[in-house]
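Pasted below: coords.txt, compact mmCIF, C-alpha atoms.
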# COMPACT_ATOMS: atom_id res chain seq x y z
CA LEU A 1 9.17 0.05 -14.80
CA PRO A 2 7.55 2.58 -12.44
CA LEU A 3 6.14 1.48 -9.10
CA ALA A 4 2.39 1.48 -9.60
CA LEU A 5 -0.27 3.39 -7.74
CA CYS A 6 -2.14 1.23 -5.26
CA LEU A 7 -5.90 1.47 -5.65
CA THR A 8 -7.09 -0.20 -2.45
CA ALA A 9 -10.07 1.95 -1.67
CA ALA A 10 -11.84 -0.57 0.51
CA LEU A 11 -8.80 -0.88 2.75
CA LEU A 12 -8.11 2.84 2.73
CA LEU A 13 -11.69 3.75 3.54
CA SER A 14 -12.00 1.12 6.25
CA GLY A 15 -8.93 2.72 7.82
CA CYS A 16 -10.79 5.99 8.29
CA GLN A 17 -13.85 4.43 9.90
CA GLY A 18 -14.27 5.81 13.39
CA ASN A 19 -11.47 8.30 12.87
CA PRO A 20 -12.96 11.79 13.00
CA ALA A 21 -9.57 13.24 12.05
CA ALA A 22 -9.84 11.60 8.62
CA GLN A 23 -11.73 14.49 7.11
CA ARG A 24 -10.37 17.32 5.04
CA ALA A 25 -10.53 20.84 6.38
CA GLU A 26 -13.11 21.90 3.79
CA ASP A 27 -15.35 19.02 4.95
CA THR A 28 -15.04 17.08 1.73
CA PRO A 29 -15.84 13.42 2.52
CA VAL A 30 -12.55 11.56 2.77
CA GLU A 31 -13.59 8.94 0.20
CA GLU A 32 -14.13 11.69 -2.38
CA SER A 33 -10.73 13.17 -1.60
CA LEU A 34 -9.08 9.76 -1.99
CA GLY A 35 -10.75 9.24 -5.34
CA THR A 36 -9.71 12.68 -6.53
CA TYR A 37 -6.11 12.06 -5.47
CA TYR A 38 -6.07 8.81 -7.44
CA GLU A 39 -7.52 10.41 -10.57
CA GLU A 40 -5.02 13.29 -10.38
CA ALA A 41 -2.11 10.92 -9.84
CA MET A 42 -3.13 8.79 -12.84
CA GLU A 43 -3.14 11.91 -15.02
CA GLN A 44 0.24 13.02 -13.67
CA ALA A 45 1.73 9.56 -14.17
CA GLU A 46 0.78 9.67 -17.85
CA ALA A 47 2.61 12.96 -18.36
CA PRO A 48 6.02 12.67 -20.07
CA ASP A 49 7.62 14.97 -17.49
CA ASP A 50 6.66 13.03 -14.33
CA PRO A 51 9.94 13.30 -12.37
CA VAL A 52 11.79 10.20 -11.19
CA LEU A 53 12.69 10.44 -7.48
CA ALA A 54 14.49 7.12 -7.05
CA VAL A 55 15.61 4.08 -9.04
CA TYR A 56 16.15 0.51 -7.84
CA LYS A 57 17.26 -1.93 -10.55
CA ASP A 58 14.59 -1.61 -13.25
CA GLN A 59 12.05 0.05 -10.96
CA THR A 60 11.46 3.78 -10.68
CA VAL A 61 9.67 5.82 -8.03
CA LEU A 62 7.78 8.67 -9.70
CA ARG A 63 6.76 12.01 -8.23
CA SER A 64 3.10 11.22 -9.00
CA VAL A 65 3.19 8.07 -6.86
CA VAL A 66 4.95 9.82 -3.97
CA ASP A 67 2.47 12.71 -4.02
CA TYR A 68 -0.44 10.26 -4.08
CA GLN A 69 0.92 8.34 -1.11
CA LYS A 70 1.47 11.53 0.87
CA GLN A 71 -2.04 12.78 0.15
CA THR A 72 -3.78 9.52 1.01
CA GLN A 73 -1.77 8.95 4.19
CA ALA A 74 -2.40 12.53 5.31
CA ALA A 75 -6.13 12.34 4.54
CA LEU A 76 -6.54 9.17 6.59
CA ALA A 77 -4.50 10.55 9.48
CA GLY A 78 -6.13 13.99 9.36
CA VAL A 79 -2.81 15.79 8.97
CA ASP A 80 -1.18 18.17 6.49
CA PRO A 81 0.61 16.30 3.64
CA ALA A 82 3.50 18.74 4.12
CA THR A 83 4.30 16.96 7.40
CA LEU A 84 5.34 13.88 5.40
CA SER A 85 8.77 14.03 3.79
CA ASP A 86 9.45 12.85 0.25
CA ARG A 87 12.36 10.72 1.45
CA GLU A 88 10.22 8.86 4.00
CA VAL A 89 7.56 8.08 1.41
CA VAL A 90 10.12 7.08 -1.22
CA ASP A 91 11.77 4.73 1.26
CA ASP A 92 8.39 3.24 2.20
CA LEU A 93 7.70 2.52 -1.48
CA LEU A 94 11.14 0.99 -1.91
CA LYS A 95 10.60 -1.19 1.16
CA ASN A 96 7.42 -2.50 -0.43
CA ALA A 97 9.30 -3.31 -3.63
CA LEU A 98 12.07 -5.07 -1.69
CA LEU A 99 9.54 -6.98 0.40
CA LEU A 100 7.85 -8.26 -2.76
CA GLU A 101 11.21 -9.21 -4.25
CA GLU A 102 12.12 -11.16 -1.14
CA ALA A 103 8.71 -12.85 -1.01
CA GLU A 104 9.09 -14.00 -4.61
CA ALA A 105 12.63 -15.24 -3.88
CA ARG A 106 11.22 -17.38 -1.05
CA GLY A 107 8.51 -18.76 -3.30
CA LEU A 108 5.68 -17.18 -1.30
CA THR A 109 3.34 -16.97 -4.26
CA PRO A 110 -0.36 -16.88 -3.35
CA THR A 111 -2.63 -19.54 -4.77
CA GLN A 112 -5.58 -18.69 -6.99
CA GLU A 113 -7.85 -19.76 -4.14
CA GLU A 114 -6.16 -17.28 -1.78
CA ILE A 115 -6.51 -14.52 -4.37
CA GLU A 116 -10.22 -15.21 -4.81
CA GLN A 117 -10.75 -15.28 -1.04
CA TYR A 118 -8.92 -11.97 -0.68
CA LEU A 119 -11.09 -10.41 -3.37
CA GLN A 120 -14.28 -11.66 -1.76
CA GLU A 121 -13.25 -10.31 1.62
CA THR A 122 -12.11 -6.97 0.19
CA VAL A 123 -15.18 -6.41 -1.95
CA HIS A 124 -17.35 -7.49 1.00
CA THR A 125 -15.56 -4.86 3.09
CA ALA A 126 -16.48 -2.29 0.48
CA TYR A 127 -20.16 -3.19 0.69
CA GLU A 128 -20.03 -3.07 4.49
CA LEU A 129 -18.97 0.58 4.42
CA PRO A 130 -21.67 3.23 4.91
CA GLU A 131 -23.86 3.54 1.84
CA GLY A 132 -22.36 5.58 -0.95
CA LYS A 133 -18.70 5.61 0.18
CA ILE A 134 -17.35 3.32 -2.55
CA ASP A 135 -19.65 4.89 -5.16
CA ASN A 136 -18.37 8.32 -4.15
CA TYR A 137 -14.79 7.11 -4.32
CA CYS A 138 -15.23 5.59 -7.79
CA ALA A 139 -17.01 8.70 -9.07
CA SER A 140 -14.20 10.96 -7.85
CA ALA A 141 -11.56 8.61 -9.27
CA GLU A 142 -13.52 8.49 -12.55
CA ILE A 143 -13.63 4.71 -12.59
CA SER A 144 -16.44 2.18 -12.43
CA PHE A 145 -16.88 -0.26 -9.57
CA GLU A 146 -15.98 -3.03 -12.03
CA GLU A 147 -12.70 -1.26 -12.80
CA TYR A 148 -12.04 -0.90 -9.09
CA VAL A 149 -12.51 -4.65 -8.57
CA ALA A 150 -10.35 -5.44 -11.62
CA ASP A 151 -7.56 -3.31 -10.19
CA LEU A 152 -7.82 -5.11 -6.86
CA ARG A 153 -7.50 -8.40 -8.74
CA GLY A 154 -4.33 -7.15 -10.42
CA GLN A 155 -2.82 -6.05 -7.12
CA ALA A 156 -3.85 -9.13 -5.12
CA PRO A 157 -0.86 -11.39 -5.96
CA ARG A 158 1.64 -8.72 -4.89
CA PHE A 159 -0.29 -7.75 -1.77
CA LEU A 160 -0.71 -11.35 -0.65
CA ALA A 161 2.91 -12.30 -1.34
CA LYS A 162 4.10 -9.47 0.90
CA ALA A 163 1.55 -10.42 3.56
CA LYS A 164 2.82 -14.01 3.49
CA LEU A 165 6.41 -12.85 4.01
CA LYS A 166 5.39 -10.67 6.94
CA GLU A 167 3.68 -13.67 8.54
CA VAL A 168 6.82 -15.77 8.03
CA VAL A 169 8.99 -13.10 9.64
CA MET A 170 6.66 -12.83 12.65
CA GLU A 171 6.41 -16.60 13.05
CA GLU A 172 10.19 -17.00 12.83
CA TYR A 173 10.64 -14.26 15.42
CA CYS A 174 8.19 -15.91 17.81
CA GLN A 175 9.87 -19.30 17.41
CA ALA A 176 13.31 -17.77 18.03
CA HIS A 177 12.13 -15.97 21.17
CA GLY A 178 9.84 -18.62 22.64
CA LEU A 179 6.65 -16.64 22.04
CA PRO A 180 3.25 -18.08 21.07
CA TYR A 181 2.30 -17.10 17.52
CA ASP A 182 -1.28 -16.18 16.66
CA ARG A 183 -1.58 -14.93 13.09
CA MET A 184 -4.82 -13.12 13.93
CA ASN A 185 -3.26 -11.34 16.91
CA PRO A 186 0.55 -11.48 16.69
CA PRO A 187 2.60 -10.11 19.62
CA GLN A 188 3.64 -6.48 19.37
CA GLU A 189 7.28 -7.60 19.42
CA ALA A 190 6.69 -9.70 16.31
CA GLN A 191 5.06 -6.78 14.50
CA GLU A 192 8.03 -4.60 15.39
CA ALA A 193 10.29 -7.33 14.03
CA VAL A 194 8.62 -6.93 10.64
CA GLU A 195 9.37 -3.20 10.67
CA ALA A 196 12.98 -3.94 11.59
CA TYR A 197 13.15 -6.53 8.81
CA GLN A 198 11.96 -4.00 6.24
CA ASP A 199 14.43 -1.39 7.52
CA GLN A 200 17.24 -3.92 7.18
CA LEU A 201 16.18 -4.83 3.64
CA LEU A 202 16.40 -1.16 2.69
CA ALA A 203 19.79 -0.78 4.37
CA ASP A 204 21.13 -3.91 2.65
CA HIS A 205 20.17 -2.56 -0.79
CA GLN A 206 21.21 1.09 -0.39
CA GLY A 207 24.08 0.57 -2.79
CA GLU A 208 21.62 -0.41 -5.53
CA ILE A 209 19.35 2.60 -5.05
CA THR A 210 19.85 5.98 -6.70
CA TYR A 211 17.92 8.92 -5.27
CA TYR A 212 16.98 12.02 -7.28
CA LEU A 213 15.32 13.95 -4.49
CA PRO A 214 15.55 17.76 -4.59

Written form, structure tokens:
Amino acid sequence: LPLALCLTAALLLSGCQGNPAAQRAEDTPVEESLGTYYEEAMEQAEAPDDPVLAVYKDQTVLRSVVDYQKQTQAALAGVDPATLSDREVVDDLLKNALLLEEAEARGLTPTQEEIEQYLQETVHTAYELPEGKIDNYCASAEISFEEYVADLRGQAPRFLAKAKLKEVVMEEYCQAHGLPYDRMNPPQEAQEAVEAYQDQLLADHQGEITYYLP
């Protein structure tokens, strides 16, 4: 079971708002680049020779997914994808998989109401972007807006489960250290605790991961 591509255009595009660095050197609008990267990755993922870079239990990390993550992260940060290492991206993807596994183990399953609210907020975010951005993204990705929304719906349970676990980790950290917890504006220490938690999850499962990096 390969780790899937994450089509979260509204979130990705909102991340580049106000960031003049998020523009490719040839002045291609970033939303078009993101759409093109997704379309290329989908084609590569369907190829029978898409290399496996890591395996955790029944989950595989494919070259197509790693390349897609590197391209999208670099486009939003305005940097060269070559500055991002395969191992770092593979580990980030594995952390996401482990975070979801832990969230499910704790029973942090989102309700249907939470999923619908997330979709409304995400799609609303898309409409709030400058005119044409989402249309340009979908055109470059060769998908319709309806397909984009359907993909968001499919991703929502996983995204929200991980978000719930991160909130639990931050709240537990604040309680343990006598800090006030505000879910809308958590202390920097609590956010760093989430990063440390994910790093520890990866370390704890290293024996179950096989890497095939060149």

Handout entry: Neighbour list for Glu46 of chain A as a PyMOL selection string, cut-off 12 Å, all atoms listed in the file, skip fewer than 3 positions in-chain
Key = chain A and resi 2+4-5+39-43+49-51+62-65

Problem - Straight-line distance linking atom CA of Tyr137 of chain A with atom CA of Leu76 of chain A, stated in Å to one decimal - result: 13.8 Å

Completion exercise
For Ala103 of chain A, the closest of A:Pro48, A:Pro157, A:Gly207, A:Pro186 counting all atoms listed in the file is A:Pro157

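Nearest-residue note for Thr122 of chain A: choosing from A:Thr109, A:Gln155, A:Thr72, A:Asn185, the minimum distance belongs to A:Gln155, counting all atoms listed in the file.
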
Practice task
Might you pull out every residue within 10 Å of Cys138 of chain A, with only C-alpha atoms counted and same-chain residues fewer than 2 positions away left off, and present them as a count of residues only?
Solution key: 22

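Atom CA of Ala126 of chain A is positioned 28.6 Å from atom CA of Glu104 of chain A.
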
Practice task
Quick one: everything within 9 Å of Tyr118 of chain A, counting only C-alpha atoms, minus sequence neighbours fewer than 3 positions away in the same chain. Send it as a list in words.
Solution key: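 Close residues of Tyr118 of chain A: Glu113, Glu114, Ile115, Glu121, Thr122, Val123, Arg153, Ala156 and Leu160 of chain A.
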
Exercise for the section: Please identify all polymer residues within 8 Å of Leu94 of chain A, counting all atoms listed in the file, omitting same-chain residues fewer than 4 positions from it, and present them as a list in words. Expected result: Tyr56, Val61, Val90, Leu98 and Leu202 of chain A
